[in-house]
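Novice: I am sharing input-v8.cif, which consists of mmCIF, C-alpha atoms (C1' of nucleotides):
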data_model
#
loop_
_atom_site.label_atom_id
_atom_site.label_comp_id
_atom_site.auth_asym_id
_atom_site.auth_seq_id
_atom_site.Cartn_x
_atom_site.Cartn_y
_atom_site.Cartn_z
CA THR M 1 26.35 -2.18 -1.96
CA VAL M 2 25.68 -5.76 -2.98
CA THR M 3 26.49 -7.10 0.47
CA TYR M 4 24.40 -4.54 2.33
CA THR M 5 21.48 -5.05 -0.04
CA LYS M 6 21.59 -8.81 0.22
CA VAL M 7 21.59 -8.72 4.01
CA ALA M 8 18.85 -6.08 4.16
CA SER M 9 16.79 -8.14 1.76
CA LEU M 10 17.14 -11.23 3.94
CA LEU M 11 16.13 -9.21 7.00
CA CYS M 12 13.02 -7.98 5.22
CA ARG M 13 12.16 -11.48 4.19
CA VAL M 14 12.10 -12.60 7.83
CA ASN M 15 10.06 -9.55 8.85
CA LYS M 16 12.90 -7.67 10.47
CA VAL M 17 12.14 -4.53 8.53
CA ASP M 18 13.30 -2.24 11.32
CA LYS M 19 16.71 -3.95 11.36
CA ALA M 20 16.87 -3.72 7.58
CA LEU M 21 16.20 0.01 7.76
CA LEU M 22 18.96 0.49 10.32
CA LEU M 23 21.28 -1.37 8.03
CA VAL M 24 20.40 0.85 5.09
CA LYS M 25 21.02 3.88 7.28
CA GLU M 26 24.41 2.51 8.32
CA MET M 27 25.19 1.76 4.71
CA LYS M 28 24.54 5.36 3.71
CA GLU M 29 26.55 6.69 6.66
CA ASN M 30 29.49 4.61 5.50
CA GLY M 31 29.30 6.24 2.12
CA VAL M 32 27.97 3.16 0.38
CA VAL M 33 25.38 4.19 -2.16
CA PRO M 34 22.12 2.25 -2.44
CA ASN M 35 21.35 1.21 -6.00
CA MET M 36 18.30 0.07 -7.93
CA PHE M 37 18.31 -3.29 -6.25
CA THR M 38 18.37 -1.71 -2.81
CA TYR M 39 15.53 0.67 -3.57
CA THR M 40 13.42 -1.90 -5.36
CA MET M 41 13.75 -4.28 -2.45
CA LEU M 42 12.69 -1.52 -0.03
CA ILE M 43 9.74 -0.48 -2.18
CA ASP M 44 8.61 -4.08 -2.44
CA THR M 45 8.88 -4.60 1.30
CA PHE M 46 6.83 -1.53 2.17
CA CYS M 47 4.22 -2.27 -0.46
CA LYS M 48 3.78 -5.78 0.90
CA VAL M 49 3.11 -4.55 4.42
CA GLY M 50 0.66 -1.98 3.08
CA LEU M 51 2.81 1.09 3.75
CA ILE M 52 2.56 2.50 0.28
CA GLU M 53 3.38 6.03 1.44
CA GLN M 54 6.71 4.81 2.76
CA ALA M 55 7.31 3.03 -0.52
CA ARG M 56 6.61 6.32 -2.29
CA LYS M 57 9.25 8.05 -0.16
CA TRP M 58 11.89 5.54 -1.22
CA PHE M 59 10.80 5.88 -4.80
CA ASP M 60 11.14 9.66 -4.64
CA GLU M 61 14.44 9.42 -2.83
CA MET M 62 15.89 7.15 -5.45
CA ILE M 63 14.97 9.52 -8.25
CA ALA M 64 16.27 12.50 -6.28
CA GLY M 65 19.55 10.63 -5.98
CA ARG M 66 19.55 10.17 -9.76
CA CYS M 67 19.16 6.44 -9.45
CA PHE M 68 16.49 5.94 -12.06
CA PRO M 69 13.92 3.19 -11.57
CA ASP M 70 13.95 0.39 -14.10
CA VAL M 71 11.17 -1.92 -15.20
CA VAL M 72 11.50 -4.09 -12.10
CA THR M 73 11.16 -1.08 -9.80
CA TYR M 74 8.13 0.23 -11.66
CA THR M 75 6.52 -3.19 -11.77
CA THR M 76 7.09 -3.72 -8.05
CA PHE M 77 5.50 -0.39 -7.24
CA LEU M 78 2.62 -0.94 -9.68
CA HIS M 79 1.97 -4.26 -8.01
CA GLY M 80 1.80 -2.48 -4.66
CA TYR M 81 -0.80 0.01 -5.86
CA LEU M 82 -2.87 -2.61 -7.64
CA LYS M 83 -2.93 -4.95 -4.64
CA MET M 84 -4.50 -2.12 -2.70
CA GLY M 85 -7.03 -1.53 -5.46
CA LYS M 86 -5.55 1.88 -6.27
CA ILE M 87 -6.04 1.68 -10.00
CA SER M 88 -5.78 5.36 -10.79
CA GLU M 89 -2.54 5.73 -8.83
CA ALA M 90 -1.24 2.70 -10.70
CA ASN M 91 -2.21 4.32 -13.98
CA ASP M 92 -0.38 7.50 -13.01
CA LEU M 93 2.69 5.47 -12.20
CA PHE M 94 2.41 3.70 -15.51
CA GLU M 95 2.39 7.08 -17.26
CA HIS M 96 5.49 8.01 -15.29
CA MET M 97 7.15 4.87 -16.52
CA VAL M 98 6.26 5.59 -20.14
CA ALA M 99 7.50 9.16 -19.79
CA ALA M 100 10.79 7.76 -18.49
CA ASP M 101 11.06 5.60 -21.61
CA CYS M 102 11.00 2.46 -19.56
CA ALA M 103 9.43 -0.39 -21.51
CA PRO M 104 6.99 -2.67 -19.66
CA ASN M 105 7.66 -6.40 -19.85
CA VAL M 106 5.59 -9.52 -19.40
CA VAL M 107 5.74 -9.23 -15.62
CA THR M 108 4.38 -5.68 -15.80
CA TYR M 109 1.46 -6.81 -17.93
CA THR M 110 0.80 -9.80 -15.70
CA VAL M 111 0.63 -7.50 -12.70
CA LEU M 112 -1.81 -5.26 -14.57
CA ILE M 113 -3.98 -8.20 -15.62
CA ASP M 114 -4.04 -9.61 -12.11
CA GLY M 115 -4.74 -6.20 -10.62
CA HIS M 116 -7.69 -5.51 -12.88
CA CYS M 117 -9.11 -8.97 -12.29
CA LYS M 118 -8.91 -8.53 -8.54
CA ALA M 119 -10.49 -5.11 -8.83
CA GLY M 120 -13.44 -6.81 -10.49
CA ASP M 121 -12.69 -5.65 -14.00
CA VAL M 122 -11.96 -8.85 -15.93
CA GLN M 123 -12.95 -7.17 -19.15
CA THR M 124 -10.05 -4.75 -19.00
CA ALA M 125 -7.78 -7.60 -17.97
CA THR M 126 -8.87 -9.62 -20.97
CA GLN M 127 -8.31 -6.66 -23.25
CA ILE M 128 -4.78 -6.20 -21.94
CA TYR M 129 -4.12 -9.85 -22.66
CA SER M 130 -5.54 -9.64 -26.18
CA ARG M 131 -3.70 -6.46 -26.91
CA MET M 132 -0.41 -8.07 -25.84
CA ARG M 133 -0.74 -10.64 -28.54
CA GLU M 134 -2.60 -8.91 -31.35
CA LYS M 135 -2.83 -5.56 -32.99
CA GLU M 136 -6.48 -5.29 -32.16
CA LEU M 137 -7.10 -1.93 -30.51
CA PHE M 138 -8.99 -1.47 -27.28
CA PRO M 139 -9.39 2.20 -26.40
CA ASN M 140 -9.47 1.55 -22.62
CA VAL M 141 -6.14 -0.17 -22.50
CA GLU M 142 -4.17 1.88 -25.00
CA ILE M 143 -2.64 3.78 -22.08
CA TYR M 144 -0.70 0.60 -21.35
CA PHE M 145 0.62 0.28 -24.87
CA GLN M 146 2.01 3.71 -25.68
CA LYS M 147 5.30 3.70 -27.54
CA ILE M 148 5.13 -0.06 -27.88
CA LYS M 149 6.47 -1.07 -31.24
CA SER M 150 6.12 -4.82 -31.15
CA TYR M 151 2.82 -6.53 -30.56
CA GLY M 152 4.37 -9.81 -29.68
CA ILE M 153 4.70 -9.67 -25.92
CA GLU M 154 4.38 -13.35 -25.16
CA PRO M 155 2.27 -14.15 -22.14
CA ASN M 156 3.87 -16.74 -19.88
CA VAL M 157 2.40 -19.20 -17.44
CA PHE M 158 1.99 -16.49 -14.78
CA THR M 159 -0.01 -14.39 -17.21
CA TYR M 160 -2.29 -17.26 -18.15
CA CYS M 161 -2.78 -18.24 -14.53
CA ALA M 162 -3.70 -14.74 -13.48
CA LEU M 163 -6.30 -14.42 -16.20
CA ILE M 164 -7.68 -17.95 -15.92
CA ASP M 165 -8.13 -17.41 -12.21
CA GLY M 166 -9.75 -14.03 -12.79
CA LEU M 167 -12.14 -15.44 -15.37
CA CYS M 168 -13.11 -18.32 -13.10
CA LYS M 169 -13.76 -15.98 -10.20
CA ALA M 170 -15.94 -13.87 -12.47
CA LYS M 171 -17.80 -17.05 -13.36
CA LYS M 172 -16.70 -16.86 -16.98
CA HIS M 173 -15.85 -20.53 -17.09
CA GLU M 174 -16.25 -20.86 -20.85
CA GLU M 175 -13.68 -18.19 -21.47
CA ALA M 176 -11.37 -19.64 -18.86
CA HIS M 177 -11.51 -22.98 -20.57
CA LYS M 178 -10.78 -21.38 -23.94
CA LEU M 179 -7.80 -19.61 -22.44
CA TRP M 180 -6.50 -22.87 -21.01
CA LYS M 181 -6.60 -24.33 -24.51
CA ALA M 182 -4.97 -21.23 -25.95
CA MET M 183 -2.19 -21.65 -23.41
CA LEU M 184 -1.56 -25.22 -24.53
CA GLU M 185 -1.69 -24.20 -28.19
CA ALA M 186 0.83 -21.46 -27.54
CA GLY M 187 3.16 -24.14 -26.25
CA CYS M 188 3.01 -22.87 -22.71
CA LYS M 189 3.15 -25.80 -20.34
CA PRO M 190 0.86 -25.58 -17.33
CA ASN M 191 2.61 -25.82 -13.97
CA ASP M 192 1.22 -26.84 -10.58
CA ILE M 193 -0.33 -23.44 -10.02
CA ALA M 194 -2.06 -23.47 -13.40
CA TYR M 195 -3.58 -26.86 -12.60
CA ASN M 196 -4.61 -25.63 -9.19
CA ALA M 197 -6.32 -22.57 -10.61
CA LEU M 198 -8.19 -24.71 -13.11
CA ILE M 199 -9.21 -27.29 -10.52
CA ASP M 200 -10.45 -24.61 -8.18
CA GLY M 201 -12.35 -22.92 -10.99
CA LEU M 202 -14.07 -26.17 -11.93
CA CYS M 203 -14.97 -26.89 -8.31
CA LYS M 204 -16.48 -23.46 -7.93
CA ALA M 205 -18.45 -23.96 -11.15
CA GLY M 206 -19.96 -27.04 -9.56
CA GLN M 207 -18.01 -29.36 -11.86
CA VAL M 208 -16.21 -31.27 -9.17
CA GLY M 209 -16.18 -34.46 -11.25
CA GLU M 210 -14.36 -32.67 -14.04
CA ALA M 211 -11.99 -31.21 -11.45
CA GLN M 212 -11.19 -34.73 -10.31
CA ASN M 213 -10.36 -35.67 -13.91
CA VAL M 214 -7.97 -32.75 -14.14
CA PHE M 215 -6.52 -33.86 -10.83
CA LEU M 216 -5.71 -37.25 -12.35
CA LYS M 217 -4.28 -35.70 -15.48
CA MET M 218 -2.14 -33.44 -13.37
CA SER M 219 -0.54 -36.42 -11.67
CA GLU M 220 -0.05 -38.19 -15.00
CA ASP M 221 1.71 -35.07 -16.25
CA GLY M 222 4.19 -35.43 -13.45
CA HIS M 223 2.86 -32.69 -11.23
CA THR M 224 2.40 -33.26 -7.52
CA PRO M 225 -0.87 -32.06 -6.06
CA ASP M 226 -0.18 -29.77 -3.12
CA VAL M 227 -2.19 -28.36 -0.25
CA TYR M 228 -3.91 -25.91 -2.63
CA THR M 229 -4.98 -28.71 -4.95
CA TYR M 230 -6.37 -30.86 -2.18
CA SER M 231 -8.01 -27.95 -0.42
CA SER M 232 -9.80 -26.85 -3.59
CA LEU M 233 -11.13 -30.36 -4.14
CA ILE M 234 -12.14 -30.87 -0.54
CA ASP M 235 -13.96 -27.57 -0.45
CA GLY M 236 -15.73 -28.34 -3.73
CA LEU M 237 -16.86 -31.73 -2.44
CA LEU M 238 -18.03 -30.32 0.87
CA LYS M 239 -19.99 -27.59 -0.85
CA GLU M 240 -21.89 -30.18 -2.86
CA ASN M 241 -22.51 -32.08 0.35
CA ASN M 242 -20.35 -35.02 -0.61
CA LEU M 243 -18.74 -35.43 2.79
CA ASP M 244 -17.66 -39.02 2.28
CA THR M 245 -15.62 -38.26 -0.80
CA ALA M 246 -14.22 -35.16 0.86
CA PHE M 247 -12.91 -37.27 3.72
CA ASN M 248 -11.54 -39.79 1.25
CA VAL M 249 -9.60 -37.03 -0.47
CA LEU M 250 -8.38 -35.88 2.92
CA SER M 251 -6.99 -39.28 3.77
CA ASN M 252 -5.39 -39.59 0.33
CA MET M 253 -3.84 -36.23 0.93
CA VAL M 254 -2.30 -37.30 4.21
CA HIS M 255 -1.31 -40.62 2.70
CA ASN M 256 0.55 -38.80 -0.05
CA GLY M 257 2.52 -36.84 2.49
CA CYS M 258 0.67 -33.57 2.10
CA THR M 259 -0.16 -32.02 5.46
CA PRO M 260 -3.51 -30.26 5.82
CA ASN M 261 -3.17 -26.68 7.02
CA VAL M 262 -5.46 -24.19 8.67
CA VAL M 263 -7.33 -23.58 5.40
CA THR M 264 -8.03 -27.28 4.91
CA TYR M 265 -9.25 -27.69 8.46
CA THR M 266 -11.40 -24.59 8.24
CA GLU M 267 -13.10 -25.88 5.12
CA ILE M 268 -13.96 -29.09 6.93
CA VAL M 269 -15.13 -27.34 10.08
CA ASP M 270 -17.35 -25.16 7.92
CA GLY M 271 -18.53 -28.10 5.81
CA LEU M 272 -19.45 -30.13 8.86
CA CYS M 273 -21.33 -27.21 10.38
CA LYS M 274 -23.25 -26.63 7.18
CA ALA M 275 -24.15 -30.32 7.06
CA GLY M 276 -25.59 -29.96 10.54
CA LYS M 277 -22.75 -31.93 12.15
CA THR M 278 -21.79 -29.21 14.55
CA GLU M 279 -20.60 -31.66 17.20
CA GLU M 280 -18.09 -33.23 14.84
CA ALA M 281 -17.02 -29.81 13.64
CA TYR M 282 -16.35 -28.76 17.20
CA LYS M 283 -14.34 -31.92 17.79
CA LEU M 284 -12.16 -31.16 14.78
CA PHE M 285 -11.92 -27.55 15.88
CA THR M 286 -10.40 -28.64 19.19
CA THR M 287 -8.17 -31.36 17.76
CA MET M 288 -6.64 -29.25 15.04
CA GLN M 289 -4.57 -27.28 17.51
CA GLU M 290 -3.26 -30.52 18.96
CA LYS M 291 -2.05 -31.33 15.48
CA GLY M 292 -0.02 -28.16 15.53
CA CYS M 293 -2.46 -26.15 13.51
CA PRO M 294 -4.17 -23.48 15.63
CA PRO M 295 -7.43 -22.08 14.25
CA ASP M 296 -7.34 -18.54 12.90
CA VAL M 297 -10.01 -15.85 12.75
CA ILE M 298 -11.74 -17.54 9.80
CA THR M 299 -11.91 -20.90 11.57
CA TYR M 300 -13.34 -19.27 14.67
CA THR M 301 -15.94 -17.42 12.66
CA ALA M 302 -17.03 -20.54 10.77
CA MET M 303 -17.32 -22.41 14.06
CA MET M 304 -19.26 -19.59 15.69
CA ASP M 305 -21.65 -19.46 12.76
CA GLY M 306 -22.24 -23.20 13.09
CA LEU M 307 -22.92 -22.91 16.80
CA GLY M 308 -25.14 -19.90 16.25
CA LYS M 309 -27.24 -21.73 13.70
CA GLU M 310 -27.95 -24.35 16.34
CA GLY M 311 -28.94 -21.61 18.75
CA LYS M 312 -25.84 -22.19 20.88
CA ILE M 313 -25.10 -18.51 21.21
CA ASP M 314 -23.45 -18.82 24.60
CA GLN M 315 -20.94 -21.30 23.29
CA ALA M 316 -20.26 -19.03 20.34
CA ILE M 317 -19.59 -16.12 22.64
CA GLU M 318 -17.29 -18.29 24.72
CA LEU M 319 -15.28 -18.80 21.57
CA LEU M 320 -14.95 -15.05 21.22
CA GLU M 321 -13.42 -14.99 24.69
CA LEU M 322 -11.15 -17.87 23.76
CA MET M 323 -9.96 -15.90 20.75
CA ALA M 324 -8.99 -13.02 23.00
CA LYS M 325 -7.06 -15.42 25.22
CA LYS M 326 -5.19 -16.79 22.21
CA SER M 327 -4.69 -13.23 20.98
CA CYS M 328 -6.43 -13.95 17.73
CA ALA M 329 -8.20 -10.76 16.72
CA PRO M 330 -11.82 -11.00 15.55
CA ASP M 331 -12.66 -9.08 12.40
CA SER M 332 -15.85 -7.36 11.31
CA LEU M 333 -17.25 -10.57 9.86
CA THR M 334 -16.83 -12.33 13.19
CA TYR M 335 -18.94 -9.65 14.87
CA THR M 336 -21.48 -9.60 12.06
CA VAL M 337 -22.03 -13.34 12.43
CA LEU M 338 -22.39 -13.16 16.20
CA ILE M 339 -24.68 -10.15 16.15
CA ASN M 340 -26.89 -11.75 13.52
CA HIS M 341 -27.33 -14.88 15.60
CA CYS M 342 -28.03 -12.89 18.75
CA CYS M 343 -30.71 -10.88 16.97
CA ARG M 344 -32.25 -13.97 15.44
CA VAL M 345 -32.98 -15.42 18.86
CA GLY M 346 -33.93 -12.09 20.39
CA LYS M 347 -30.82 -11.57 22.53
CA LEU M 348 -30.79 -7.91 21.73
CA SER M 349 -28.78 -6.77 24.72
CA GLU M 350 -26.04 -9.27 23.85
CA ALA M 351 -26.08 -7.95 20.30
CA GLN M 352 -25.85 -4.40 21.59
CA LYS M 353 -22.84 -5.30 23.73
CA LEU M 354 -21.07 -6.90 20.76
CA LEU M 355 -21.78 -3.87 18.64
CA GLN M 356 -20.00 -1.67 21.20
"C1'" G R 1 36.94 -3.94 -20.60
"C1'" A R 2 34.23 -8.68 -20.07
"C1'" C R 3 31.72 -12.08 -17.15
"C1'" G R 4 29.45 -13.50 -12.62
"C1'" G R 5 26.96 -12.05 -7.79
"C1'" A R 6 21.51 -9.06 -4.62
"C1'" G R 7 15.40 -6.69 -6.55
"C1'" A R 8 9.18 -7.58 -9.31
"C1'" A R 9 4.08 -11.22 -11.10
"C1'" A R 10 -0.20 -16.09 -10.77
"C1'" U R 11 -3.61 -20.83 -7.18
"C1'" A R 12 -7.31 -22.97 -1.64
"C1'" G R 13 -11.16 -21.52 3.70
"C1'" G R 14 -15.79 -17.86 7.24
"C1'" G R 15 -22.19 -14.30 6.70
#
Is it possible to express this structure as structure tokens?

Specialist:
Amino acid sequence: TVTYTKVASLLCRVNKVDKALLLVKEMKENGVVPNMFTYTMLIDTFCKVGLIEQARKWFDEMIAGRCFPDVVTYTTFLHGYLKMGKISEANDLFEHMVAADCAPNVVTYTVLIDGHCKAGDVQTATQIYSRMREKELFPNVEIYFQKIKSYGIEPNVFTYCALIDGLCKAKKHEEAHKLWKAMLEAGCKPNDIAYNALIDGLCKAGQVGEAQNVFLKMSEDGHTPDVYTYSSLIDGLLKENNLDTAFNVLSNMVHNGCTPNVVTYTEIVDGLCKAGKTEEAYKLFTTMQEKGCPPDVITYTAMMDGLGKEGKIDQAIELLELMAKKSCAPDSLTYTVLINHCCRVGKLSEAQKLLQ
RNA sequence: GACGGAGAAAUAGGG
């Protein structure tokens, strides 16, 4: 069972899900019984590719086979529902878990906090966090704390990160900052991701200078800024029109051995367009592929928007054709951008064609 | 019988 599960897990990790499924079938045919690890791995895999119904089948099969899900299985499945924004299904599953006398752990609560944040309900997320630590009651979140005897479920760095990020994205920067301090007071050491979340939050709050201070402190603390760190800073600088500093950060980044990726390049393409430097943006757009970093749908859309704003609709539409050639699928935002620009300059028949 | 071996969570870009 261990061997089959390990191999199937590796196959899933390299996106060979079909091969993994064949292996599980073979395993069963040979009389080897899948266990919790096998099922949890399968549920996780299907959740991550968005096939939650398939995940449900494995979940039901495991219970039918009297292999009862443990906290990892439930948490994996909860994560799947929450990532798809299916809060009420997640709540039902949570009830199932409670009924099975399976106690949630810090990962379960972190998943719930992250899920509620991403569903736009930071208040509930904050209440879950508070309720983990204190006896204070919050009627909305009591469903997550049934049969819980101890109130001392210690949040860890994942928990803090999830909530700090959620608070920042909800523009509750004060509260995010307080939580950062609470994390330090609780003796929880920030890791790279925590610093990155804070830096990004500060950038988005328009406090890029403060973000740069945190950047320095991060390095002093022995953490290495990565592509997320640099990309957050670069985007923050570009959005406040500080192109020179943004390019300085970019060259520091490269100098420190951190390779810009498609996100970094897209930020710069977009920043240049928004600064009216569409020519330069286009140059970068064409050179990025030479550097082994092909543009994706977001890069294309940013570039098209830049061209459209200059009234270069034909060039923008050429890019749409180029996308097709590179088999990069446009999304609804790509079309929205193009159609808007066509309408703006009165090319209604072009717009009509795009709409079809 | 013990121990060990496989499964879950958080951060950056486009109107």

Novice: Do you have the atom CA of Thr75 of chain M-atom C1' of C3 of chain R distance handy?

Specialist: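 Straight-line distance from atom CA of Thr75 of chain M to atom C1' of C3 of chain R works out to 27.3 Å.
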
Novice: Specify as a ChimeraX atom specification each residue included when the PyMOL selection byres ((chain M) within 7 of (chain R)) is applied to this file.

Specialist: /M:2,5-6,37-38,40-41,72-73,75-76,107,110-111,158-159,161-162,193-194,196-197,228,231-232,263-264,266-267,298-299,301-302,333,337

Novice: One number please: atom CA of Lys204 of chain M to atom CA of Asp235 of chain M, in Å, one decimal.

Specialist: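 One can read the atom CA of Lys204 of chain M to atom CA of Asp235 of chain M distance as 8.9 Å.
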
Novice: For atom CA of Ala170 of chain M and atom CA of Asp221 of chain M, determine how far apart the two atoms are, in Å to one decimal place.

Specialist: 27.8 Å

Novice: Need the shell around Lys28 of chain M: protein/DNA/RNA residues with any atom at most 12 Å away, counting only C-alpha atoms (C1' of nucleotides). Skip same-chain ones fewer than 4 positions apart. Format as a list in words?

Specialist: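 The residues that qualify are Thr1, Tyr4, Thr5, Leu21, Leu22, Leu23, Val24, Val32, Val33, Pro34, Asn35 and Thr38 of chain M.
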
Novice: Using the chain letters and numbering of this document, enumerate as a ChimeraX atom specification the residues selected by the PyMOL selection byres ((chain M and resi 83) around 12).

Specialist: /M:44,47-52,75-82,84-87,89-90,111-119 /R:9

Novice: Tell me, as a ChimeraX atom specification, which residues lie within 9 Å of segment 211-217 of chain M, counting all atoms listed in the file; anything in the same chain fewer than 6 positions away does not count.

Specialist: /M:195-196,198-203,223,225,229,233

Novice: Write out as a VMD selection string the residues lying within 12 Å of Phe68 of chain M, counting only C-alpha atoms (C1' of nucleotides) and excluding same-chain residues fewer than 4 positions away.

Specialist: chain M and resid 34 to 37 39 to 40 58 to 64 72 to 74 96 to 97 100 to 102

Novice: Translate the PyMOL selection byres ((chain M and resi 240) around 12) into a concrete residue list for this structure, as number ranges by chain.

Specialist: M: 203-209, 233-239, 241-246, 271-272, 274-275

Novice: With distances taken over all atoms listed in the file, which of M:Gln289, M:Gln146, M:Asn252, M:Gln315 is nearest to Tyr265 of chain M?

Specialist: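 Closest to Tyr265 of chain M, using all atoms listed in the file: M:Gln289.
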
Novice: Some atoms are missing, so please complete segment 75-90 of chain M with N, CA, C and O atoms and return it as a PDB file, in the coordinates of the input.

Specialist:
ATOM      1  N   THR M  75       7.466  -2.082 -11.872  1.00  0.00           N
ATOM      2  CA  THR M  75       6.520  -3.190 -11.770  1.00  0.00           C
ATOM      3  C   THR M  75       6.227  -3.514 -10.301  1.00  0.00           C
ATOM      4  O   THR M  75       5.083  -3.762  -9.927  1.00  0.00           O
ATOM      5  N   THR M  76       7.255  -3.478  -9.485  1.00  0.00           N
ATOM      6  CA  THR M  76       7.090  -3.720  -8.050  1.00  0.00           C
ATOM      7  C   THR M  76       6.113  -2.714  -7.451  1.00  0.00           C
ATOM      8  O   THR M  76       5.189  -3.077  -6.711  1.00  0.00           O
ATOM      9  N   PHE M  77       6.318  -1.464  -7.798  1.00  0.00           N
ATOM     10  CA  PHE M  77       5.500  -0.390  -7.240  1.00  0.00           C
ATOM     11  C   PHE M  77       4.065  -0.462  -7.794  1.00  0.00           C
ATOM     12  O   PHE M  77       3.090  -0.291  -7.058  1.00  0.00           O
ATOM     13  N   LEU M  78       3.941  -0.770  -9.079  1.00  0.00           N
ATOM     14  CA  LEU M  78       2.620  -0.940  -9.680  1.00  0.00           C
ATOM     15  C   LEU M  78       1.850  -2.049  -8.960  1.00  0.00           C
ATOM     16  O   LEU M  78       0.676  -1.922  -8.641  1.00  0.00           O
ATOM     17  N   HIS M  79       2.552  -3.132  -8.718  1.00  0.00           N
ATOM     18  CA  HIS M  79       1.970  -4.260  -8.010  1.00  0.00           C
ATOM     19  C   HIS M  79       1.435  -3.812  -6.648  1.00  0.00           C
ATOM     20  O   HIS M  79       0.338  -4.185  -6.242  1.00  0.00           O
ATOM     21  N   GLY M  80       2.220  -2.988  -5.957  1.00  0.00           N
ATOM     22  CA  GLY M  80       1.800  -2.480  -4.660  1.00  0.00           C
ATOM     23  C   GLY M  80       0.495  -1.688  -4.755  1.00  0.00           C
ATOM     24  O   GLY M  80      -0.446  -1.940  -4.001  1.00  0.00           O
ATOM     25  N   TYR M  81       0.423  -0.786  -5.694  1.00  0.00           N
ATOM     26  CA  TYR M  81      -0.800   0.010  -5.860  1.00  0.00           C
ATOM     27  C   TYR M  81      -1.983  -0.875  -6.243  1.00  0.00           C
ATOM     28  O   TYR M  81      -3.084  -0.729  -5.719  1.00  0.00           O
ATOM     29  N   LEU M  82      -1.769  -1.785  -7.161  1.00  0.00           N
ATOM     30  CA  LEU M  82      -2.870  -2.610  -7.640  1.00  0.00           C
ATOM     31  C   LEU M  82      -3.394  -3.538  -6.556  1.00  0.00           C
ATOM     32  O   LEU M  82      -4.594  -3.768  -6.452  1.00  0.00           O
ATOM     33  N   LYS M  83      -2.490  -4.059  -5.721  1.00  0.00           N
ATOM     34  CA  LYS M  83      -2.930  -4.950  -4.640  1.00  0.00           C
ATOM     35  C   LYS M  83      -3.838  -4.212  -3.659  1.00  0.00           C
ATOM     36  O   LYS M  83      -4.631  -4.828  -2.963  1.00  0.00           O
ATOM     37  N   MET M  84      -3.656  -2.890  -3.600  1.00  0.00           N
ATOM     38  CA  MET M  84      -4.500  -2.120  -2.700  1.00  0.00           C
ATOM     39  C   MET M  84      -5.727  -1.575  -3.439  1.00  0.00           C
ATOM     40  O   MET M  84      -6.477  -0.776  -2.878  1.00  0.00           O
ATOM     41  N   GLY M  85      -5.880  -1.979  -4.678  1.00  0.00           N
ATOM     42  CA  GLY M  85      -7.030  -1.530  -5.460  1.00  0.00           C
ATOM     43  C   GLY M  85      -6.931  -0.092  -5.934  1.00  0.00           C
ATOM     44  O   GLY M  85      -7.926   0.502  -6.334  1.00  0.00           O
ATOM     45  N   LYS M  86      -5.723   0.479  -5.857  1.00  0.00           N
ATOM     46  CA  LYS M  86      -5.550   1.880  -6.270  1.00  0.00           C
ATOM     47  C   LYS M  86      -5.212   1.948  -7.753  1.00  0.00           C
ATOM     48  O   LYS M  86      -4.071   2.178  -8.147  1.00  0.00           O
ATOM     49  N   ILE M  87      -6.246   1.760  -8.557  1.00  0.00           N
ATOM     50  CA  ILE M  87      -6.040   1.680 -10.000  1.00  0.00           C
ATOM     51  C   ILE M  87      -5.567   3.001 -10.590  1.00  0.00           C
ATOM     52  O   ILE M  87      -4.665   3.020 -11.423  1.00  0.00           O
ATOM     53  N   SER M  88      -6.142   4.111 -10.126  1.00  0.00           N
ATOM     54  CA  SER M  88      -5.780   5.360 -10.790  1.00  0.00           C
ATOM     55  C   SER M  88      -4.350   5.770 -10.427  1.00  0.00           C
ATOM     56  O   SER M  88      -3.625   6.284 -11.270  1.00  0.00           O
ATOM     57  N   GLU M  89      -3.935   5.474  -9.189  1.00  0.00           N
ATOM     58  CA  GLU M  89      -2.540   5.730  -8.830  1.00  0.00           C
ATOM     59  C   GLU M  89      -1.612   4.853  -9.671  1.00  0.00           C
ATOM     60  O   GLU M  89      -0.551   5.293 -10.109  1.00  0.00           O
ATOM     61  N   ALA M  90      -2.042   3.617  -9.881  1.00  0.00           N
ATOM     62  CA  ALA M  90      -1.240   2.700 -10.700  1.00  0.00           C
ATOM     63  C   ALA M  90      -1.140   3.254 -12.120  1.00  0.00           C
ATOM     64  O   ALA M  90      -0.064   3.234 -12.721  1.00  0.00           O
TER      65      ALA M  90
END
